[in-house]
Structures are given as C-alpha cells and as structure tokens.
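S.K.: File model.cif below, mmCIF, C-alpha atoms and all ligand atoms:
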data_upload
loop_
_atom_site.label_atom_id
_atom_site.label_comp_id
_atom_site.auth_asym_id
_atom_site.auth_seq_id
_atom_site.Cartn_x
_atom_site.Cartn_y
_atom_site.Cartn_z
CA MET A 1 -22.49 -3.07 -7.62
CA LYS A 2 -22.34 -0.30 -10.18
CA GLU A 3 -24.38 -1.01 -13.27
CA GLY A 4 -22.43 -2.74 -16.01
CA ARG A 5 -19.57 -3.78 -13.75
CA ILE A 6 -18.96 -7.35 -12.61
CA TYR A 7 -17.21 -8.92 -9.63
CA ASN A 8 -13.51 -9.26 -10.36
CA PHE A 9 -11.63 -12.19 -8.80
CA ASN A 10 -8.62 -11.79 -11.10
CA PRO A 11 -5.23 -12.60 -9.56
CA GLY A 12 -3.54 -9.51 -10.98
CA PRO A 13 -3.88 -6.96 -12.34
CA ALA A 14 -6.78 -7.16 -9.96
CA ALA A 15 -9.85 -5.32 -8.73
CA LEU A 16 -9.41 -1.68 -7.75
CA PRO A 17 -11.74 0.12 -5.34
CA LEU A 18 -14.62 1.72 -7.26
CA PRO A 19 -14.16 5.18 -5.62
CA VAL A 20 -10.55 5.13 -6.84
CA LEU A 21 -11.61 4.42 -10.42
CA GLU A 22 -14.20 7.18 -10.23
CA GLU A 23 -11.61 9.67 -9.02
CA VAL A 24 -9.20 8.63 -11.78
CA GLN A 25 -11.95 9.19 -14.29
CA LYS A 26 -12.36 12.76 -13.04
CA ASP A 27 -8.64 13.50 -13.02
CA LEU A 28 -8.07 12.06 -16.45
CA LEU A 29 -9.07 15.16 -18.40
CA ASN A 30 -8.41 17.92 -15.93
CA TYR A 31 -6.41 17.18 -12.80
CA LYS A 32 -7.92 19.17 -9.91
CA GLY A 33 -8.58 22.12 -12.20
CA GLU A 34 -4.97 22.42 -13.41
CA GLY A 35 -6.19 22.17 -17.00
CA ILE A 36 -4.14 19.08 -17.90
CA SER A 37 -4.59 15.36 -17.40
CA ILE A 38 -2.75 13.54 -14.66
CA LEU A 39 -1.28 11.60 -17.60
CA GLU A 40 0.21 14.76 -19.07
CA MET A 41 1.85 16.03 -15.93
CA SER A 42 5.62 16.45 -15.58
CA HIS A 43 7.23 14.22 -13.00
CA ARG A 44 9.28 17.29 -12.01
CA SER A 45 6.17 19.39 -11.29
CA LYS A 46 5.29 20.52 -7.80
CA THR A 47 1.97 18.70 -8.08
CA PHE A 48 3.53 15.34 -8.92
CA ASP A 49 6.16 15.81 -6.25
CA GLY A 50 3.26 16.20 -3.80
CA ILE A 51 1.62 13.04 -5.13
CA ILE A 52 4.70 10.80 -4.80
CA LYS A 53 5.52 12.20 -1.37
CA ASP A 54 1.93 11.66 -0.24
CA ALA A 55 2.09 8.07 -1.49
CA GLU A 56 5.22 7.40 0.58
CA ARG A 57 3.78 9.16 3.64
CA LEU A 58 0.47 7.27 3.42
CA LEU A 59 2.15 3.89 3.00
CA LYS A 60 4.36 4.60 6.02
CA GLU A 61 1.33 5.60 8.04
CA ILE A 62 -0.88 2.68 7.00
CA MET A 63 1.78 -0.02 7.40
CA ASP A 64 3.32 1.66 10.44
CA ILE A 65 6.74 1.70 8.76
CA PRO A 66 9.52 2.89 11.09
CA GLN A 67 11.30 6.18 10.34
CA ASN A 68 14.54 4.48 9.30
CA TYR A 69 12.90 2.96 6.22
CA LYS A 70 12.44 4.43 2.78
CA VAL A 71 9.73 3.67 0.25
CA LEU A 72 10.90 3.39 -3.37
CA PHE A 73 8.70 3.30 -6.44
CA MET A 74 10.48 1.21 -9.05
CA GLN A 75 9.68 -0.39 -12.41
CA GLY A 76 10.19 -3.84 -13.90
CA GLY A 77 7.65 -5.55 -11.65
CA ALA A 78 8.44 -7.90 -8.80
CA THR A 79 10.37 -9.87 -11.40
CA LEU A 80 13.05 -7.18 -11.62
CA GLN A 81 13.33 -7.33 -7.83
CA PHE A 82 14.23 -11.03 -8.18
CA ALA A 83 17.44 -9.68 -9.77
CA ALA A 84 17.77 -6.39 -7.88
CA VAL A 85 17.80 -8.02 -4.44
CA PRO A 86 20.82 -10.29 -5.10
CA LEU A 87 22.58 -7.66 -7.25
CA ASN A 88 22.39 -5.12 -4.43
CA LEU A 89 22.76 -7.32 -1.41
CA ILE A 90 24.93 -10.37 -2.12
CA GLY A 91 28.49 -9.04 -2.06
CA GLU A 92 31.73 -10.72 -3.22
CA GLY A 93 32.16 -14.12 -1.58
CA GLN A 94 28.75 -13.91 0.12
CA PHE A 95 25.68 -16.10 -0.21
CA ALA A 96 21.96 -15.77 0.48
CA GLU A 97 19.27 -18.18 1.64
CA TYR A 98 15.79 -18.71 0.20
CA VAL A 99 12.61 -20.47 1.21
CA ASN A 100 10.94 -22.19 -1.73
CA THR A 101 7.16 -22.04 -1.33
CA GLY A 102 6.12 -22.04 -4.98
CA SER A 103 6.64 -20.82 -8.52
CA TRP A 104 7.46 -17.23 -7.57
CA SER A 105 10.02 -18.30 -4.96
CA LYS A 106 11.59 -20.55 -7.58
CA LYS A 107 11.82 -17.71 -10.04
CA ALA A 108 13.50 -15.53 -7.41
CA ILE A 109 16.02 -18.32 -6.69
CA GLN A 110 16.70 -18.95 -10.38
CA GLU A 111 17.24 -15.26 -11.09
CA ALA A 112 19.84 -14.99 -8.32
CA GLN A 113 21.59 -18.10 -9.65
CA LYS A 114 21.53 -16.76 -13.18
CA LEU A 115 23.50 -13.77 -11.94
CA GLY A 116 26.17 -16.12 -10.59
CA LYS A 117 25.15 -15.63 -6.96
CA LYS A 118 25.44 -18.40 -4.40
CA VAL A 119 22.06 -19.37 -3.01
CA ASN A 120 21.00 -22.03 -0.49
CA VAL A 121 17.42 -23.23 -0.33
CA VAL A 122 16.92 -23.72 3.41
CA ALA A 123 13.30 -24.90 3.35
CA SER A 124 10.83 -25.99 0.70
CA SER A 125 7.29 -27.29 0.43
CA GLU A 126 7.79 -28.73 -3.04
CA ASP A 127 7.52 -32.26 -1.58
CA GLU A 128 3.78 -31.71 -1.12
CA SER A 129 2.99 -29.62 -4.19
CA PHE A 130 3.56 -26.37 -2.28
CA SER A 131 0.42 -26.91 -0.24
CA TYR A 132 1.94 -25.59 3.00
CA ILE A 133 4.40 -23.13 4.52
CA PRO A 134 7.40 -24.90 6.08
CA GLY A 135 7.87 -24.36 9.80
CA ASP A 136 11.07 -24.10 11.80
CA ILE A 137 13.08 -22.25 9.19
CA LYS A 138 16.73 -21.89 10.21
CA VAL A 139 19.01 -19.34 8.65
CA SER A 140 22.83 -19.37 8.63
CA PRO A 141 24.11 -16.50 10.76
CA ASN A 142 26.49 -15.36 8.01
CA ALA A 143 23.95 -15.34 5.13
CA ALA A 144 23.53 -11.99 3.34
CA TYR A 145 19.75 -12.39 3.75
CA LEU A 146 16.85 -14.82 3.95
CA HIS A 147 14.25 -14.42 1.19
CA ILE A 148 10.64 -15.54 1.55
CA THR A 149 7.48 -15.19 -0.55
CA SER A 150 4.94 -14.16 2.06
CA ASN A 151 1.92 -15.18 0.00
CA ASN A 152 1.96 -17.76 -2.75
CA THR A 153 -0.50 -16.44 -5.29
CA ILE A 154 -0.68 -19.65 -7.31
CA PHE A 155 -0.86 -22.19 -4.46
CA GLY A 156 -3.03 -20.20 -2.02
CA THR A 157 -0.64 -20.39 0.93
CA GLN A 158 0.59 -17.59 3.18
CA PHE A 159 3.08 -17.25 6.02
CA GLN A 160 1.15 -16.93 9.28
CA GLN A 161 4.32 -16.15 11.27
CA PHE A 162 7.59 -14.95 9.86
CA PRO A 163 10.92 -16.70 10.46
CA GLU A 164 13.15 -15.33 13.20
CA THR A 165 16.40 -14.36 11.50
CA GLY A 166 18.32 -12.58 14.25
CA ASP A 167 20.81 -10.21 12.63
CA VAL A 168 20.30 -11.67 9.16
CA ALA A 169 18.24 -9.42 6.86
CA LEU A 170 14.76 -10.83 6.21
CA ILE A 171 13.49 -10.01 2.73
CA ALA A 172 9.95 -10.69 1.54
CA ASP A 173 8.21 -10.71 -1.80
CA MET A 174 4.80 -9.45 -0.65
CA SER A 175 3.43 -8.92 -4.15
CA SER A 176 0.14 -10.63 -3.43
CA ASP A 177 -0.43 -9.76 0.22
CA ILE A 178 1.12 -6.40 0.96
CA ALA A 179 -1.11 -4.38 3.26
CA CYS A 180 -3.68 -7.14 3.70
CA ARG A 181 -2.99 -7.43 7.44
CA LYS A 182 -0.97 -5.83 10.18
CA ILE A 183 2.69 -6.87 10.19
CA ASP A 184 5.75 -5.72 12.09
CA VAL A 185 7.76 -4.06 9.33
CA SER A 186 10.79 -3.74 11.61
CA LYS A 187 11.29 -7.53 11.30
CA PHE A 188 12.12 -7.03 7.63
CA ALA A 189 15.13 -5.42 5.99
CA LEU A 190 13.31 -5.16 2.68
CA ILE A 191 9.81 -5.79 1.37
CA TYR A 192 8.85 -5.57 -2.28
CA ALA A 193 5.57 -5.88 -4.13
CA GLY A 194 4.35 -5.40 -7.66
CA ALA A 195 1.46 -2.99 -7.04
CA GLN A 196 -1.08 -4.66 -9.28
CA LYS A 197 -2.84 -6.76 -6.66
CA ASN A 198 -3.36 -4.84 -3.42
CA MET A 199 -1.80 -1.44 -4.12
CA GLY A 200 -2.79 -0.16 -7.51
CA PRO A 201 -2.25 -0.88 -11.20
CA SER A 202 0.62 -2.70 -12.88
CA GLY A 203 3.68 -0.66 -13.80
CA VAL A 204 5.01 0.25 -10.38
CA THR A 205 6.75 -1.85 -7.76
CA VAL A 206 6.76 -0.74 -4.16
CA VAL A 207 10.02 -1.36 -2.28
CA ILE A 208 10.23 -0.74 1.45
CA ILE A 209 13.88 -0.74 2.45
CA ARG A 210 15.75 -0.16 5.70
CA GLU A 211 17.95 2.83 5.02
CA ASP A 212 21.25 1.24 6.03
CA LEU A 213 20.89 -1.23 3.13
CA LEU A 214 21.01 1.58 0.56
CA GLU A 215 24.73 1.86 1.10
CA LYS A 216 25.31 -1.76 0.10
CA SER A 217 24.49 -1.32 -3.62
CA PRO A 218 27.64 -1.88 -5.69
CA ASP A 219 28.43 0.78 -8.31
CA ASN A 220 28.62 -1.69 -11.20
CA ILE A 221 24.99 -2.83 -11.30
CA PRO A 222 22.37 -1.47 -13.71
CA THR A 223 21.14 1.95 -12.58
CA MET A 224 17.48 0.92 -12.58
CA THR A 225 18.17 -1.91 -10.14
CA SER A 226 20.27 0.15 -7.73
CA TYR A 227 18.54 0.89 -4.44
CA LYS A 228 21.26 3.44 -3.68
CA ILE A 229 20.60 5.41 -6.88
CA ILE A 230 16.80 5.14 -6.94
CA GLY A 231 16.58 5.80 -3.19
CA GLY A 232 19.11 8.63 -3.36
CA LYS A 233 16.90 10.41 -5.90
CA ASP A 234 13.64 9.72 -4.03
CA SER A 235 12.42 7.50 -6.92
CA LEU A 236 12.85 10.37 -9.39
CA TYR A 237 16.17 9.39 -11.00
CA ASN A 238 14.38 9.00 -14.31
CA THR A 239 10.73 9.29 -15.36
CA PRO A 240 8.77 7.18 -12.87
CA PRO A 241 5.47 5.52 -13.80
CA THR A 242 3.58 8.66 -12.83
CA PHE A 243 0.05 7.41 -13.52
CA ALA A 244 0.63 4.23 -11.52
CA VAL A 245 2.14 6.12 -8.57
CA TYR A 246 -0.84 8.48 -8.57
CA ILE A 247 -3.26 5.54 -8.43
CA VAL A 248 -1.25 3.94 -5.61
CA LYS A 249 -1.73 7.19 -3.70
CA LEU A 250 -5.50 7.03 -4.26
CA VAL A 251 -5.62 3.37 -3.18
CA LEU A 252 -3.74 4.25 0.02
CA GLU A 253 -6.19 7.09 0.71
CA TRP A 254 -9.02 4.62 0.22
CA MET A 255 -7.34 2.17 2.62
CA LYS A 256 -7.03 4.88 5.23
CA ALA A 257 -10.70 5.81 4.79
CA GLN A 258 -11.63 2.13 5.29
CA GLY A 259 -10.17 2.37 8.79
CA GLY A 260 -6.59 1.33 8.06
CA LEU A 261 -5.01 -2.10 8.25
CA GLU A 262 -6.74 -3.19 11.41
CA LYS A 263 -10.14 -2.85 9.80
CA ILE A 264 -8.96 -4.14 6.43
CA GLU A 265 -7.46 -7.25 8.05
CA GLN A 266 -10.69 -7.87 9.93
CA ILE A 267 -12.70 -7.70 6.70
CA ASN A 268 -10.15 -9.86 4.85
CA ARG A 269 -10.41 -12.53 7.56
CA GLN A 270 -14.20 -12.48 7.28
CA LYS A 271 -14.10 -12.70 3.50
CA ALA A 272 -11.60 -15.59 3.40
CA GLY A 273 -13.42 -17.28 6.30
CA LEU A 274 -16.67 -17.38 4.34
CA ILE A 275 -15.07 -19.31 1.47
CA TYR A 276 -12.95 -21.61 3.66
CA ASP A 277 -16.04 -22.44 5.76
CA ALA A 278 -17.91 -23.32 2.58
CA LEU A 279 -15.02 -25.59 1.52
CA ASP A 280 -14.82 -27.27 4.93
CA GLN A 281 -18.55 -27.95 4.99
CA SER A 282 -18.55 -29.57 1.57
CA SER A 283 -17.36 -32.90 0.24
CA PHE A 284 -17.75 -31.60 -3.31
CA TYR A 285 -15.08 -28.90 -3.04
CA ARG A 286 -11.57 -29.61 -1.76
CA GLY A 287 -9.28 -26.84 -0.59
CA THR A 288 -5.71 -27.32 -1.81
CA ALA A 289 -3.82 -25.43 0.94
CA ARG A 290 -3.19 -27.01 4.32
CA PRO A 291 -5.52 -25.28 6.81
CA ASP A 292 -2.61 -23.89 8.86
CA SER A 293 -1.14 -22.26 5.76
CA ARG A 294 -4.25 -20.84 4.12
CA SER A 295 -3.99 -17.52 2.33
CA LEU A 296 -6.25 -14.57 3.06
CA MET A 297 -5.80 -13.36 -0.50
CA ASN A 298 -5.94 -16.35 -2.86
CA VAL A 299 -8.29 -19.20 -2.02
CA THR A 300 -7.54 -22.26 -4.12
CA PHE A 301 -9.72 -25.35 -4.45
CA ARG A 302 -10.64 -28.26 -6.66
CA LEU A 303 -13.92 -29.77 -7.83
CA PRO A 304 -14.47 -33.49 -8.45
CA SER A 305 -13.37 -33.21 -12.11
CA GLU A 306 -11.69 -30.81 -14.50
CA GLU A 307 -14.87 -30.82 -16.54
CA LEU A 308 -16.84 -29.54 -13.56
CA GLU A 309 -14.14 -26.92 -12.92
CA LYS A 310 -14.56 -25.61 -16.46
CA LYS A 311 -18.31 -25.51 -16.01
CA PHE A 312 -17.91 -23.72 -12.66
CA VAL A 313 -15.73 -20.97 -14.19
CA ALA A 314 -18.09 -20.54 -17.15
CA GLU A 315 -21.25 -20.40 -15.05
CA ALA A 316 -19.64 -18.07 -12.53
CA LEU A 317 -18.90 -15.67 -15.38
CA GLU A 318 -22.49 -15.92 -16.59
CA ASN A 319 -23.43 -14.89 -13.06
CA GLY A 320 -21.15 -11.85 -13.09
CA MET A 321 -18.01 -13.27 -11.45
CA LEU A 322 -14.76 -13.05 -13.40
CA GLY A 323 -11.29 -14.53 -12.94
CA LEU A 324 -11.94 -17.72 -10.98
CA LYS A 325 -9.82 -20.07 -13.09
CA GLY A 326 -6.78 -21.43 -11.25
CA HIS A 327 -3.29 -20.65 -12.55
CA ARG A 328 -2.58 -22.54 -15.78
CA SER A 329 0.29 -24.44 -14.12
CA VAL A 330 -1.92 -26.01 -11.44
CA GLY A 331 -5.52 -25.88 -12.70
CA GLY A 332 -8.47 -25.87 -10.33
CA ILE A 333 -10.24 -22.78 -9.03
CA ARG A 334 -8.69 -19.72 -7.44
CA ALA A 335 -10.65 -16.85 -5.90
CA SER A 336 -8.36 -13.85 -5.50
CA ILE A 337 -9.98 -11.73 -2.84
CA TYR A 338 -7.64 -8.78 -2.46
CA ASN A 339 -8.49 -5.73 -0.36
CA ALA A 340 -10.61 -4.12 -3.09
CA VAL A 341 -12.87 -7.15 -3.57
CA PRO A 342 -15.99 -6.29 -1.58
CA MET A 343 -17.67 -8.57 0.94
CA GLU A 344 -20.77 -8.74 -1.28
CA ALA A 345 -18.64 -10.29 -4.07
CA VAL A 346 -17.51 -13.03 -1.72
CA GLU A 347 -21.05 -13.60 -0.43
CA LYS A 348 -22.23 -13.91 -4.00
CA LEU A 349 -19.46 -16.41 -4.77
CA VAL A 350 -20.26 -18.56 -1.75
CA ASP A 351 -23.94 -18.54 -2.64
CA PHE A 352 -23.04 -19.59 -6.18
CA MET A 353 -20.76 -22.37 -4.88
CA LYS A 354 -23.60 -23.82 -2.83
CA LYS A 355 -26.04 -23.72 -5.73
CA PHE A 356 -23.47 -25.21 -8.10
CA GLU A 357 -22.76 -28.05 -5.71
CA LYS A 358 -26.44 -28.87 -5.37
CA ALA A 359 -26.97 -28.86 -9.12
CA ASN A 360 -23.92 -30.96 -9.92
CA SER A 361 -23.49 -33.55 -7.20
N1 LIG B 1 5.73 -12.55 -6.88
C1 LIG B 1 4.47 -12.93 -6.63
C2 LIG B 1 4.13 -13.48 -5.28
C3 LIG B 1 3.49 -12.80 -7.62
O1 LIG B 1 2.24 -13.17 -7.36
C4 LIG B 1 3.84 -12.26 -8.88
C5 LIG B 1 2.83 -12.11 -9.94
O2 LIG B 1 1.74 -12.60 -9.89
C6 LIG B 1 5.17 -11.90 -9.10
C7 LIG B 1 6.08 -12.05 -8.07
C8 LIG B 1 5.61 -11.33 -10.40
O3 LIG B 1 5.25 -9.99 -10.43
P1 LIG B 1 5.46 -9.04 -11.68
O4 LIG B 1 4.50 -9.49 -12.72
O5 LIG B 1 5.15 -7.69 -11.11
O6 LIG B 1 6.87 -9.15 -12.13
#
Produce structure tokens that represent the structure in this file.
Ligand code: PLP
M.R.:
Amino acid sequence: MKEGRIYNFNPGPAALPLPVLEEVQKDLLNYKGEGISILEMSHRSKTFDGIIKDAERLLKEIMDIPQNYKVLFMQGGATLQFAAVPLNLIGEGQFAEYVNTGSWSKKAIQEAQKLGKKVNVVASSEDESFSYIPGDIKVSPNAAYLHITSNNTIFGTQFQQFPETGDVALIADMSSDIACRKIDVSKFALIYAGAQKNMGPSGVTVVIIREDLLEKSPDNIPTMTSYKIIGGKDSLYNTPPTFAVYIVKLVLEWMKAQGGLEKIEQINRQKAGLIYDALDQSSFYRGTARPDSRSLMNVTFRLPSEELEKKFVAEALENGMLGLKGHRSVGGIRASIYNAVPMEAVEKLVDFMKKFEKANS
C-alpha cells in the first residue's frame, strides 16, 4: 500500500489500479513529451486517435470479442443505455423482454416503458428481495431482445450462466462485472457498462455491439443515443470524454499485464472466496445472496444489528478501509472488490471481520 492511500471498497466510481494512477499523474502535465496535457489534447489529433483505437483493440483482445463486433465509447452512463437500447432496438409494433434482478434492472424496464415501448418481465427475483438469479429463463421467439443485468451491484448477485436465447438478441448491462471473468461474447448481441467500476473512471460508457444491429437504429432518435451514428463515426461524432477513454486504455493495458482475463478471474475468485468463506464460517455475519447466485464483485452481508453495522463501517474506516456501507436502499455491508482491489485489501478486510466479530459477539 502506497503511503497515504487507503483500501477502497467503493461501489463506483471505484478503485483504480495504482500503476494507472501513477501514469495519469505523469501524463497530466506533459503527455509523452508532446508538451501538452492529455486533458488539453484535441480529439481529432493523431495521438488521441491512436489512444481510442488502442482502447478498442485492447478490449477486443482481452475479452476475446469476435471480429463482427464494434466497441463504442458513449456518454450518459449506463443510465442512458437504459433508453438507448429500446430506442434503437424495439421497432414499431415490437416488444422486448427483461429479467428483473434488482434496482438497476427495474430502472432499465421503467426507462423503456417511459418511452412507450412494450416490455414483458419474463423472470424476477423480487419475491425474495432480489437475493438470487432466477433459473430457467424463457424468452419469446419473436421478442426484439432479452435484457439482463449480469451483476446486481446493490444485491450482490451475479448470473453464473447466461440464458439461452436462440435467435433472440441477448443484451446485458455489465456495468459492475464487465471483464471480471471470461465470457463468451458471441452469446450477446450487445453489452454495455458504465466504466467507473471495472474499466476506468466515470464519464464513459463502453458498448460492445454486434455490427448487424447498427443498421436497426431509427433515424428519429436523439443523435447521442444512436448506435448507427456513434458507431458510424467510430465514437468520434462529437467530442468524446477524452480523458476517460485514455484512462480506460491504461486500465486495459494493466489488465493485459496482469495476465488477461484468465488470471484476473482466478484472482477475483480467490478474493471473493476469502470473504464468502469468512461469512460461511460465522454465525455473526449473514450473507444476503443465495450461495448459487453470489457475486464475484459485490459481496453483501448483514451483522446482528444496524447499530453493529454502523460501528463496523466506522471502525473499518479507522483501519484504512473505505466504502463498506451497503447501498442506502438496502442497508447492511457491501464490499465491492472489483479487479483493481488488491488481494491484500481483501485479506485485511477478512482479518478485520474476524477481529470485529470476536470483540462484538
Ligand atoms: N447498472 C448497474 C448494474 C449499476 O451498478 C449502475 C451504477 O451503479 C448503473 C447501471 C448506473 O450506471 P450510471 O451511473 O453509469 O448511469
């Protein structure tokens, strides 16, 4: 741990790899000797063109994205994608299907409905406080798409297998688990993720889209939501969030240097395993996600009382661990252990959990 820095378990914006922050610090005044800051660089410059192309190339390499997909860098967060997906992909007289696994799924559903689109919720885990991922999800063969939230940041659940959708486009909000494990991208027609958890800072949204979908965008939707327009201009239709794209590129380089997704997944499984083991061995802590639906990225649990939860969060901070308070809508504790959270942070948390239990039970 670098002096003066603490362990960051924030859910997002979240921890960034230290070598990335150090590189940013260098490039802030004088980018690779060009005499200007990365912040001052034109998005039409050759240098920035190299940066955005490198970011796309690296993401394709790391996630093993097939050639017939394009990577878009958009703005408006994952929340704008809640609107962009139905605007682009639910045509006249069509409908789409959604799986409701928590607050973010609900927001995606509500946004589509707000736009007057017809939406069916084909599976939900609301009956048990979103503590699990529904199995056996069936999609109508004539739906425009099936939308899932692959990782539920607030409830600490994650799809372990993805639904089989046949010819129906599978679309996933992967905001909180993109690039945390190996997945078969060819199963998806579109994946989107606000970058601020596993990919970089806030301000840029990564969209991975199968190229044939670009043609579906109607002409009468807002330009900034149109996959056809943004994709057609290689994410340079207007001024992109240049600083955020540059940091995404650095994060991807860091991921590659870590050994790629295979290695990252292995470490993520070890990290999450340490905390889940501690929960399973304790009668003081209670994990809130069903074991078969547990997230690798957000580990959620309760203590015997809200008072003890408050004390836990406060004492953790005194011990150099930030961001452990559960989402305000559900309470409890949440450890967000994205790719950039090092193993030593998790070991320190588990050690703290054990000491806290001893002192308070
Ligand atoms: N989807 C998921 C799964 C999230 O975790 C979040 C934010 O935490 C969002 C969507 C919203 O993302 P944004 O703030 O980029 O709009």
S.K.: Please provide the set of residues having any atom within 10 Å of range 223-225 of chain A, restricted to only C-alpha atoms, with same-chain residues fewer than 6 positions apart removed, written as a PyMOL selection string.
M.R.: chain A and resi 74-76+80-81+83-85+87-88+217+237-238
S.K.: Please produce an output containing C-alpha atoms for each residue in the selection, written as a PDB file, in the frame of the given file.
M.R.:
ATOM      1  CA  MET A  74      10.480   1.210  -9.050  1.00  0.00           C
ATOM      2  CA  GLN A  75       9.680  -0.390 -12.410  1.00  0.00           C
ATOM      3  CA  GLY A  76      10.190  -3.840 -13.900  1.00  0.00           C
ATOM      4  CA  LEU A  80      13.050  -7.180 -11.620  1.00  0.00           C
ATOM      5  CA  GLN A  81      13.330  -7.330  -7.830  1.00  0.00           C
ATOM      6  CA  ALA A  83      17.440  -9.680  -9.770  1.00  0.00           C
ATOM      7  CA  ALA A  84      17.770  -6.390  -7.880  1.00  0.00           C
ATOM      8  CA  VAL A  85      17.800  -8.020  -4.440  1.00  0.00           C
ATOM      9  CA  LEU A  87      22.580  -7.660  -7.250  1.00  0.00           C
ATOM     10  CA  ASN A  88      22.390  -5.120  -4.430  1.00  0.00           C
ATOM     11  CA  SER A 217      24.490  -1.320  -3.620  1.00  0.00           C
ATOM     12  CA  TYR A 237      16.170   9.390 -11.000  1.00  0.00           C
ATOM     13  CA  ASN A 238      14.380   9.000 -14.310  1.00  0.00           C
TER      14      ASN A 238
END
S.K.: Hey, which residues come within 7 Å of ligand LIG 1 (chain B) if we count all atoms listed in the file? Could you give them as a ChimeraX atom specification?
M.R.: /A:11-12,76-80,104,149,151-153,173-176,194,202,205
S.K.: How big is the axis-aligned box around the listed atoms of range 317-325 of chain A once 6 Å is added on each side, and where is its centre? Give both in Å to one decimal, as AutoDock Vina command-line options.
M.R.:
--center_x -16.6 --center_y -16.0 --center_z -13.8 --size_x 25.6 --size_y 20.2 --size_z 17.6
S.K.: I'd like the neighbourhood of Leu274 in chain A as a PyMOL selection string, where a residue qualifies if any of its atoms comes within 9 Å (using all atoms listed in the file), though same-chain residues fewer than 4 positions away should be ignored.
M.R.: chain A and resi 269-270+278-279+346-347+350
S.K.: With all atoms listed in the file as the counted atoms, please give the residues lying no more than 6 Å from Asn298 in chain A, apart from itself and same-chain residues fewer than 4 positions off, as a count of residues only.
M.R.: 4
S.K.: Tell me, as a ChimeraX atom specification, which residues lie within 9 Å of Met1 in chain A, counting only C-alpha atoms; anything in the same chain fewer than 6 positions away does not count.
M.R.: /A:7,344-345
S.K.: Skipping near chain neighbours, those fewer than 3 positions away, what residues fall within 9 Å of Glu265 in chain A using only C-alpha atoms, listed as an mmCIF file with C-alpha atoms, in the frame of the given file?
M.R.:
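The resulting file, out.cif, is reproduced below:
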data_model
loop_
_atom_site.group_PDB
_atom_site.id
_atom_site.type_symbol
_atom_site.label_atom_id
_atom_site.label_comp_id
_atom_site.auth_asym_id
_atom_site.auth_seq_id
_atom_site.Cartn_x
_atom_site.Cartn_y
_atom_site.Cartn_z
ATOM 1 C CA ALA A 179 -1.110 -4.380 3.260
ATOM 2 C CA CYS A 180 -3.680 -7.140 3.700
ATOM 3 C CA ARG A 181 -2.990 -7.430 7.440
ATOM 4 C CA LYS A 182 -0.970 -5.830 10.180
ATOM 5 C CA GLY A 260 -6.590 1.330 8.060
ATOM 6 C CA LEU A 261 -5.010 -2.100 8.250
ATOM 7 C CA GLU A 262 -6.740 -3.190 11.410
ATOM 8 C CA ASN A 268 -10.150 -9.860 4.850
ATOM 9 C CA ARG A 269 -10.410 -12.530 7.560
ATOM 10 C CA GLN A 270 -14.200 -12.480 7.280
ATOM 11 C CA LEU A 296 -6.250 -14.570 3.060
ATOM 12 C CA ASN A 339 -8.490 -5.730 -0.360
#
S.K.: Using Å and a single decimal, report how far CA of Ser186 in chain A sits from CA of Met63 in chain A.
M.R.: 10.6 Å
S.K.: So, with only C-alpha atoms as the atoms that count, which of A:Leu190, A:Ile267, A:Ile137, A:Ile154 lies closest to Lys325 in chain A?
M.R.: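 Result for the nearest residue to Lys325 in chain A: A:Ile154.
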S.K.: Mind pulling up the distance from CA of Leu18 in chain A to CA of Phe356 in chain A?
M.R.: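 Computing the Euclidean distance for CA of Phe356 in chain A and CA of Leu18 in chain A yields 28.4 Å.
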S.K.: Which residue out of A:Lys118, A:Val330, A:Thr239, A:Ser42 has the minimum interatomic distance to Gly91 in chain A when all atoms listed in the file are used?
M.R.: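 With all atoms listed in the file as the atom set, the closest residue is A:Lys118.
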